[in-house]
file run06.cif (mmCIF, C-alpha atoms)
data_run
loop_
_atom_site.label_atom_id
_atom_site.label_comp_id
_atom_site.auth_asym_id
_atom_site.auth_seq_id
_atom_site.Cartn_x
_atom_site.Cartn_y
_atom_site.Cartn_z
CA VAL A 1 -19.79 2.50 -26.04
CA TYR A 2 -21.79 -0.56 -27.07
CA VAL A 3 -21.53 -3.86 -25.17
CA PHE A 4 -22.46 -7.15 -26.85
CA HIS A 5 -22.58 -10.56 -25.18
CA ARG A 6 -22.52 -14.06 -26.61
CA ASP A 7 -25.35 -16.43 -25.77
CA ASN A 8 -23.02 -19.40 -25.26
CA ALA A 9 -19.27 -18.86 -25.09
CA THR A 10 -18.39 -22.54 -25.58
CA ALA A 11 -20.75 -23.39 -28.45
CA GLU A 12 -19.45 -23.76 -32.00
CA PHE A 13 -22.13 -21.38 -33.25
CA SER A 14 -23.38 -18.58 -31.05
CA THR A 15 -25.23 -15.32 -31.40
CA TRP A 16 -23.97 -11.92 -30.30
CA THR A 17 -26.65 -9.69 -28.79
CA GLN A 18 -26.41 -6.02 -27.90
CA GLU A 19 -26.65 -5.79 -24.14
CA THR A 20 -26.40 -2.08 -23.45
CA ARG A 21 -25.15 1.28 -24.66
CA ILE A 22 -23.03 3.23 -22.19
CA SER A 23 -23.25 7.00 -22.54
CA PRO A 24 -21.08 9.66 -20.90
CA PRO A 25 -22.06 10.29 -17.28
CA ASP A 26 -23.22 13.79 -18.18
CA PHE A 27 -24.24 15.58 -21.33
CA ARG A 28 -22.70 19.03 -20.84
CA VAL A 29 -21.19 19.31 -24.35
CA GLY A 30 -20.61 17.20 -27.41
CA GLY A 31 -17.26 16.23 -28.85
CA ALA A 32 -15.77 14.63 -25.72
CA GLU A 33 -14.82 11.56 -27.80
CA PHE A 34 -16.21 9.25 -25.13
CA GLY A 35 -15.22 5.77 -26.28
CA TYR A 36 -12.20 6.85 -28.32
CA SER A 37 -10.27 4.12 -26.48
CA ILE A 38 -11.63 1.12 -24.56
CA ALA A 39 -10.24 -1.84 -22.63
CA LEU A 40 -12.15 -4.75 -21.10
CA LEU A 41 -11.16 -7.12 -18.31
CA GLY A 42 -13.20 -10.18 -17.38
CA PRO A 43 -12.97 -13.83 -16.33
CA SER A 44 -10.33 -15.85 -18.14
CA ASP A 45 -12.47 -18.97 -18.48
CA ALA A 46 -15.23 -19.48 -21.03
CA ILE A 47 -18.63 -19.80 -19.37
CA GLU A 48 -21.30 -21.80 -21.17
CA ALA A 49 -24.56 -19.95 -20.56
CA HIS A 50 -25.03 -16.19 -20.42
CA GLU A 51 -27.18 -16.69 -17.29
CA LEU A 52 -24.02 -17.83 -15.48
CA GLU A 53 -21.61 -15.50 -17.24
CA ARG A 54 -23.45 -12.32 -16.30
CA LYS A 55 -22.87 -13.05 -12.61
CA LYS A 56 -19.15 -12.45 -13.16
CA THR A 57 -17.58 -9.02 -12.62
CA TYR A 58 -16.20 -7.18 -15.61
CA THR A 59 -14.13 -3.99 -15.68
CA LEU A 60 -14.54 -1.64 -18.64
CA VAL A 61 -12.13 1.30 -19.04
CA ILE A 62 -13.24 4.08 -21.38
CA GLY A 63 -11.08 6.94 -22.58
CA SER A 64 -12.62 10.35 -23.31
CA PRO A 65 -9.61 12.39 -24.49
CA GLU A 66 -11.55 15.52 -25.48
CA ASP A 67 -13.48 15.70 -22.20
CA ASP A 68 -13.59 19.36 -21.20
CA ALA A 69 -14.58 18.98 -17.53
CA LEU A 70 -11.16 20.24 -16.39
CA GLY A 71 -10.16 22.17 -19.49
CA ASP A 72 -10.46 22.15 -23.28
CA GLY A 73 -9.19 18.74 -24.38
CA ALA A 74 -7.80 17.89 -20.94
CA GLY A 75 -9.36 14.42 -21.13
CA MET A 76 -10.81 11.93 -18.67
CA VAL A 77 -10.84 8.17 -18.10
CA TYR A 78 -13.96 6.41 -16.83
CA VAL A 79 -13.97 3.00 -15.13
CA TYR A 80 -17.18 0.98 -15.25
CA LYS A 81 -18.01 -2.25 -13.42
CA SER A 82 -20.67 -4.88 -14.05
CA ARG A 83 -23.00 -6.69 -11.68
CA GLU A 84 -26.11 -8.79 -11.94
CA LYS A 85 -29.35 -7.01 -11.10
CA CYS A 86 -32.56 -8.98 -10.49
CA LEU A 87 -36.15 -7.93 -9.95
CA ASP A 88 -37.66 -9.10 -6.68
CA PRO A 89 -40.34 -10.28 -6.81
CA CYS A 90 -40.16 -11.66 -10.33
CA HIS A 91 -43.55 -12.40 -11.88
CA PHE A 92 -42.72 -13.49 -15.43
CA GLY A 93 -39.93 -13.69 -18.01
CA SER A 94 -36.25 -13.09 -17.40
CA CYS A 95 -35.90 -11.01 -14.26
CA CYS A 96 -32.11 -10.72 -14.15
CA LYS A 97 -29.76 -8.72 -16.32
CA ARG A 98 -26.24 -7.32 -16.21
CA GLU A 99 -25.96 -3.74 -15.03
CA TRP A 100 -23.00 -1.47 -15.87
CA TYR A 101 -22.33 1.33 -13.41
CA LEU A 102 -19.73 4.10 -13.17
CA PHE A 103 -17.17 2.93 -10.64
CA GLN A 104 -14.55 5.67 -10.86
CA ASN A 105 -13.28 8.45 -13.09
CA VAL A 106 -9.65 9.56 -13.26
CA SER A 107 -8.09 12.74 -14.66
CA PHE A 108 -4.57 14.01 -15.23
CA LYS A 109 -4.97 16.10 -12.09
CA ASP A 110 -5.69 12.93 -10.10
CA MET A 111 -2.44 11.41 -11.38
CA ILE A 112 -0.42 14.43 -10.25
CA CYS A 113 -2.23 15.32 -7.04
CA GLY A 114 -3.65 12.00 -5.87
CA LEU A 115 -7.23 11.05 -5.08
CA SER A 116 -7.36 12.23 -1.46
CA ALA A 117 -9.76 15.00 -0.52
CA PRO A 118 -8.29 18.39 0.44
CA GLY A 119 -7.81 18.96 4.14
CA PRO A 120 -5.25 19.15 6.94
CA ALA A 121 -4.20 15.52 6.38
CA VAL A 122 -2.97 16.16 2.83
CA PRO A 123 0.87 16.09 3.03
CA PHE A 124 1.49 18.56 0.19
CA ALA A 125 -0.26 21.23 -1.81
CA CYS A 126 -1.16 20.15 -5.31
CA PRO A 127 0.55 22.37 -7.91
CA LEU A 128 -2.62 22.24 -10.02
CA ASN A 129 -4.98 23.55 -7.33
CA ASP A 130 -4.73 27.11 -8.63
CA VAL A 131 -4.92 26.12 -12.30
CA GLU A 132 -8.37 27.04 -13.57
CA LYS A 133 -8.18 24.96 -16.75
CA LEU A 134 -5.79 22.11 -17.46
CA PRO A 135 -3.85 22.10 -20.77
CA PRO A 136 -5.14 20.00 -23.71
CA ARG A 137 -3.34 16.77 -22.88
CA ARG A 138 -5.94 14.36 -24.37
CA PHE A 139 -5.56 12.21 -21.26
CA GLY A 140 -7.21 8.89 -22.15
CA HIS A 141 -6.19 8.81 -25.82
CA SER A 142 -5.18 5.20 -25.10
CA VAL A 143 -6.06 2.82 -22.25
CA SER A 144 -5.21 -0.73 -21.22
CA VAL A 145 -6.21 -2.87 -18.23
CA PHE A 146 -4.78 -6.08 -16.80
CA GLU A 147 -5.79 -7.58 -13.46
CA LYS A 148 -4.70 -4.94 -10.91
CA GLU A 149 -3.35 -2.20 -13.20
CA ILE A 150 -4.67 0.38 -15.64
CA ALA A 151 -2.38 2.13 -18.12
CA VAL A 152 -3.37 5.47 -19.67
CA GLY A 153 -1.67 7.37 -22.48
CA GLU A 154 -2.02 10.92 -23.77
CA ALA A 155 -1.58 12.34 -27.27
CA PRO A 156 -2.20 16.08 -27.82
CA HIS A 157 -3.35 17.31 -31.23
CA GLN A 158 -0.65 18.91 -33.34
CA LYS A 159 -2.48 22.26 -33.17
CA HIS A 160 -1.98 22.24 -29.41
CA ILE A 161 1.79 21.71 -29.56
CA LYS A 162 3.46 25.11 -29.46
CA LYS A 163 6.95 23.82 -28.76
CA THR A 164 8.84 20.57 -28.44
CA ARG A 165 6.74 18.42 -26.15
CA ASN A 166 6.97 14.73 -25.45
CA GLY A 167 4.09 12.73 -23.98
CA TYR A 168 3.66 10.55 -20.92
CA ALA A 169 1.98 7.33 -19.89
CA TYR A 170 0.39 6.78 -16.50
CA LEU A 171 -0.17 3.70 -14.36
CA LEU A 172 -2.87 3.13 -11.74
CA ARG A 173 -3.14 0.15 -9.40
CA ARG A 174 -5.80 -1.28 -7.17
CA THR A 175 -5.28 -0.39 -3.51
CA ASN A 176 -6.21 -3.89 -2.32
CA PRO A 177 -5.64 -6.64 -4.92
CA LEU A 178 -7.90 -9.02 -2.97
CA ALA A 179 -10.93 -6.72 -3.01
CA SER A 180 -12.84 -6.33 -6.28
CA ASP A 181 -14.43 -3.05 -5.21
CA ASP A 182 -11.25 -1.17 -4.32
CA ILE A 183 -10.52 1.92 -6.39
CA TYR A 184 -7.49 2.47 -8.61
CA VAL A 185 -4.88 4.90 -7.29
CA PRO A 186 -2.02 6.70 -9.11
CA ASP A 187 1.08 4.56 -9.12
CA GLN A 188 3.69 5.68 -11.66
CA VAL A 189 4.38 8.09 -14.53
CA LEU A 190 6.41 6.81 -17.49
CA LYS A 191 8.25 8.76 -20.17
CA ALA A 192 10.81 8.11 -22.89
CA TRP A 193 14.19 7.74 -21.23
CA ASP A 194 16.25 8.82 -24.27
CA GLU A 195 14.69 12.25 -24.87
CA GLY A 196 17.97 14.10 -24.51
CA ASP A 197 19.71 11.88 -27.07
CA VAL A 198 17.21 12.37 -29.90
CA PRO A 199 17.21 15.48 -32.12
CA GLU A 200 14.08 17.60 -32.28
CA ASN A 201 11.49 16.45 -34.79
CA PRO A 202 11.16 19.44 -37.14
CA LEU A 203 7.63 18.50 -38.24
CA ASN A 204 5.64 17.95 -35.05
CA GLY A 205 8.04 18.78 -32.23
CA GLY A 206 7.25 15.72 -30.08
CA ASN A 207 7.64 11.96 -29.96
CA GLU A 208 3.93 11.41 -29.19
CA PHE A 209 4.91 9.01 -26.42
CA GLY A 210 1.67 7.61 -24.96
CA THR A 211 -0.29 7.44 -28.20
CA SER A 212 -0.73 3.72 -27.46
CA VAL A 213 -0.26 1.72 -24.26
CA ALA A 214 -0.50 -1.90 -23.19
CA VAL A 215 0.00 -3.50 -19.78
CA ASP A 216 0.22 -7.23 -19.13
CA GLY A 217 1.60 -8.55 -15.87
CA ASN A 218 5.04 -7.09 -15.24
CA VAL A 219 5.49 -5.53 -18.68
CA VAL A 220 4.27 -2.22 -20.14
CA ALA A 221 4.63 -1.18 -23.78
CA VAL A 222 4.20 2.44 -24.88
CA GLY A 223 4.07 3.58 -28.48
CA ALA A 224 5.77 6.78 -29.66
CA PRO A 225 4.88 7.05 -33.38
CA GLY A 226 6.21 10.60 -33.63
CA LYS A 227 9.72 9.67 -32.55
CA TYR A 228 12.45 11.13 -34.76
CA GLY A 229 14.87 8.49 -36.05
CA LYS A 230 18.35 9.67 -35.13
CA ASP A 231 19.95 6.75 -36.97
CA ARG A 232 19.11 8.24 -40.39
CA ILE A 233 18.65 11.78 -41.69
CA GLY A 234 15.09 12.89 -42.38
CA MET A 235 13.38 10.19 -40.31
CA ASN A 236 10.45 12.31 -39.17
CA ASN A 237 7.66 10.28 -37.53
CA ALA A 238 9.62 7.06 -37.89
CA GLY A 239 8.28 5.85 -34.54
CA ALA A 240 9.36 3.49 -31.78
CA VAL A 241 7.94 1.39 -28.94
CA TYR A 242 9.29 1.62 -25.40
CA VAL A 243 9.15 -1.48 -23.21
CA PHE A 244 9.18 -1.21 -19.41
CA LYS A 245 9.55 -4.15 -17.03
CA ARG A 246 9.40 -4.73 -13.28
CA ALA A 247 10.74 -7.55 -11.15
CA SER A 248 7.45 -8.01 -9.27
CA ARG A 249 4.35 -6.11 -8.18
CA LEU A 250 6.40 -4.69 -5.31
CA HIS A 251 8.73 -2.88 -7.74
CA ASN A 252 8.39 0.01 -10.18
CA PHE A 253 8.43 -0.42 -13.94
CA MET A 254 11.91 0.31 -15.29
CA PRO A 255 13.20 0.88 -18.86
CA GLU A 256 14.04 -2.37 -20.62
CA GLN A 257 14.28 -1.86 -24.38
CA ILE A 258 13.33 0.39 -27.30
CA LEU A 259 11.79 -1.58 -30.17
CA ILE A 260 12.66 -0.40 -33.69
CA PRO A 261 11.91 -2.50 -36.81
CA THR A 262 14.63 -3.25 -39.34
CA GLU A 263 12.52 -1.69 -42.11
CA ARG A 264 11.64 1.85 -41.11
CA GLY A 265 11.35 5.18 -42.87
CA MET A 266 9.88 8.65 -42.69
CA GLY A 267 6.21 8.60 -41.79
CA PHE A 268 6.11 4.93 -40.78
CA ARG A 269 4.67 5.93 -37.37
CA PHE A 270 5.76 2.63 -35.88
CA GLY A 271 4.05 2.18 -32.51
CA ARG A 272 0.71 3.73 -33.46
CA GLN A 273 -0.90 0.67 -31.81
CA VAL A 274 0.61 -1.83 -29.38
CA ARG A 275 -0.62 -5.05 -27.75
CA LEU A 276 0.94 -7.37 -25.18
CA HIS A 277 0.38 -11.00 -24.37
#
call {"tool": "encode", "arguments": {"input": "run06.cif", "output": "structure tokens"}}
result
Amino acid sequence: VYVFHRDNATAEFSTWTQETRISPPDFRVGGAEFGYSIALLGPSDAIEAHELERKKTYTLVIGSPEDDALGDGAGMVYVYKSREKCLDPCHFGSCCKREWYLFQNVSFKDMICGLSAPGPAVPFACPLNDVEKLPPRRFGHSVSVFEKEIAVGEAPHQKHIKKTRNGYAYLLRRTNPLASDDIYVPDQVLKAWDEGDVPENPLNGGNEFGTSVAVDGNVVAVGAPGKYGKDRIGMNNAGAVYVFKRASRLHNFMPEQILIPTERGMGFRFGRQVRLH
């Protein structure tokens, strides 16, 4: 993942300069698709000089859906933070720069079992503790971040789908919204709420729910480009977008509406990408 910064965010003409290249935290194997999905969260105001801007904290979420640490294609999501690092003493030149460091990594197992360490205080036994390798979920195929939440989607390859299987989207939240260094913890799992009402897709066997995700405030949008259109015959991969909403940060996200365009046909794959604002 390559990070570029602008010399002056408020100037009419400004130069973008490569700041760093972020590599996977380890180099065990190739093909992890580190950087397949990315999401960046930073200050909302434009800051004139880069010398002032680099003091701000940024959050960079990176999806690595083919990460094999927990199984072939199980996937992983990495959360990086930024901070200013200065040489002391400084003898000449620019002695301060922005440093990106690995803040947290999250897997599908974390979403199911929680982040707590094993021990007598754990209230339940994780059902995945005895699983040697997780299935190829491609956890991290899509990511989105907004203030206190991170949304993660999964999208298995067709070769991994042996039967009808619909995807999921996952939400994490900061434990303490007032503290910038608090980790993200599993909060909620979302799925298509009309699965039983839709006929099986004869081509790929799944709605691919979670292929794209977006979170913004109290709204979450999840794309399902493999959804079979039950309104017309032969609507394989017509696609749809599911919108979830919550009353406040104290509530869970609940189903609100399924978005379907008026012009739609076989192979449209509506919902392949989603954005919220």
call {"tool": "residues_around", "arguments": {"input": "run06.cif", "residues": "Leu40 (chain A)", "least_positions_apart": "3", "cutoff": "9 Å", "atoms": "all atoms listed in the file", "output": "MDAnalysis selection string"}}
result
chainID A and resid 58:62 144:146
call {"tool": "closest_residue", "arguments": {"input": "run06.cif", "among": "A:Ala192, A:Ala11, A:Val77, A:Ala151", "to": "Asn166 (chain A)", "atoms": "only C-alpha atoms"}}
result
A:Ala192
call {"tool": "atom_distance", "arguments": {"input": "run06.cif", "atom1": "CA of Gly71 (chain A)", "atom2": "CA of Ile183 (chain A)"}}
result
24.1 Å
call {"tool": "residues_near_point", "arguments": {"input": "run06.cif", "point": "(-22.4, 12.1, -27.1)", "cutoff": "12 Å", "atoms": "all atoms listed in the file", "output": "PDB file with C-alpha atoms, in the frame of the given file"}}
result
ATOM      1  CA  VAL A   1     -19.790   2.500 -26.040  1.00  0.00           C
ATOM      2  CA  ARG A  21     -25.150   1.280 -24.660  1.00  0.00           C
ATOM      3  CA  ILE A  22     -23.030   3.230 -22.190  1.00  0.00           C
ATOM      4  CA  SER A  23     -23.250   7.000 -22.540  1.00  0.00           C
ATOM      5  CA  PRO A  24     -21.080   9.660 -20.900  1.00  0.00           C
ATOM      6  CA  PRO A  25     -22.060  10.290 -17.280  1.00  0.00           C
ATOM      7  CA  ASP A  26     -23.220  13.790 -18.180  1.00  0.00           C
ATOM      8  CA  PHE A  27     -24.240  15.580 -21.330  1.00  0.00           C
ATOM      9  CA  ARG A  28     -22.700  19.030 -20.840  1.00  0.00           C
ATOM     10  CA  VAL A  29     -21.190  19.310 -24.350  1.00  0.00           C
ATOM     11  CA  GLY A  30     -20.610  17.200 -27.410  1.00  0.00           C
ATOM     12  CA  GLY A  31     -17.260  16.230 -28.850  1.00  0.00           C
ATOM     13  CA  ALA A  32     -15.770  14.630 -25.720  1.00  0.00           C
ATOM     14  CA  GLU A  33     -14.820  11.560 -27.800  1.00  0.00           C
ATOM     15  CA  PHE A  34     -16.210   9.250 -25.130  1.00  0.00           C
ATOM     16  CA  GLY A  35     -15.220   5.770 -26.280  1.00  0.00           C
ATOM     17  CA  TYR A  36     -12.200   6.850 -28.320  1.00  0.00           C
ATOM     18  CA  SER A  64     -12.620  10.350 -23.310  1.00  0.00           C
ATOM     19  CA  GLU A  66     -11.550  15.520 -25.480  1.00  0.00           C
ATOM     20  CA  ASP A  67     -13.480  15.700 -22.200  1.00  0.00           C
TER      21      ASP A  67
END
call {"tool": "closest_residue", "arguments": {"input": "run06.cif", "among": "A:Met266, A:Trp100, A:Gln273, A:Asn218", "to": "Met254 (chain A)", "atoms": "all atoms listed in the file"}}
result
A:Asn218
call {"tool": "residues_near_point", "arguments": {"input": "run06.cif", "point": "(4.0, -8.7, -18.6)", "cutoff": "12 Å", "atoms": "all atoms listed in the file", "output": "number ranges by chain"}}
result
A: 145-147, 149, 214-221, 243-249, 253, 275-277
call {"tool": "atom_distance", "arguments": {"input": "run06.cif", "atom1": "CA of Val189 (chain A)", "atom2": "CA of Leu250 (chain A)"}}
result
15.9 Å
call {"tool": "resolve_selection", "arguments": {"input": "run06.cif", "expression": "the PyMOL selection byres ((chain A and resi 174) around 6)", "output": "list of chain:residue names"}}
result
A:Lys148, A:Arg173, A:Thr175, A:Asn176, A:Pro177, A:Ile183, A:Tyr184
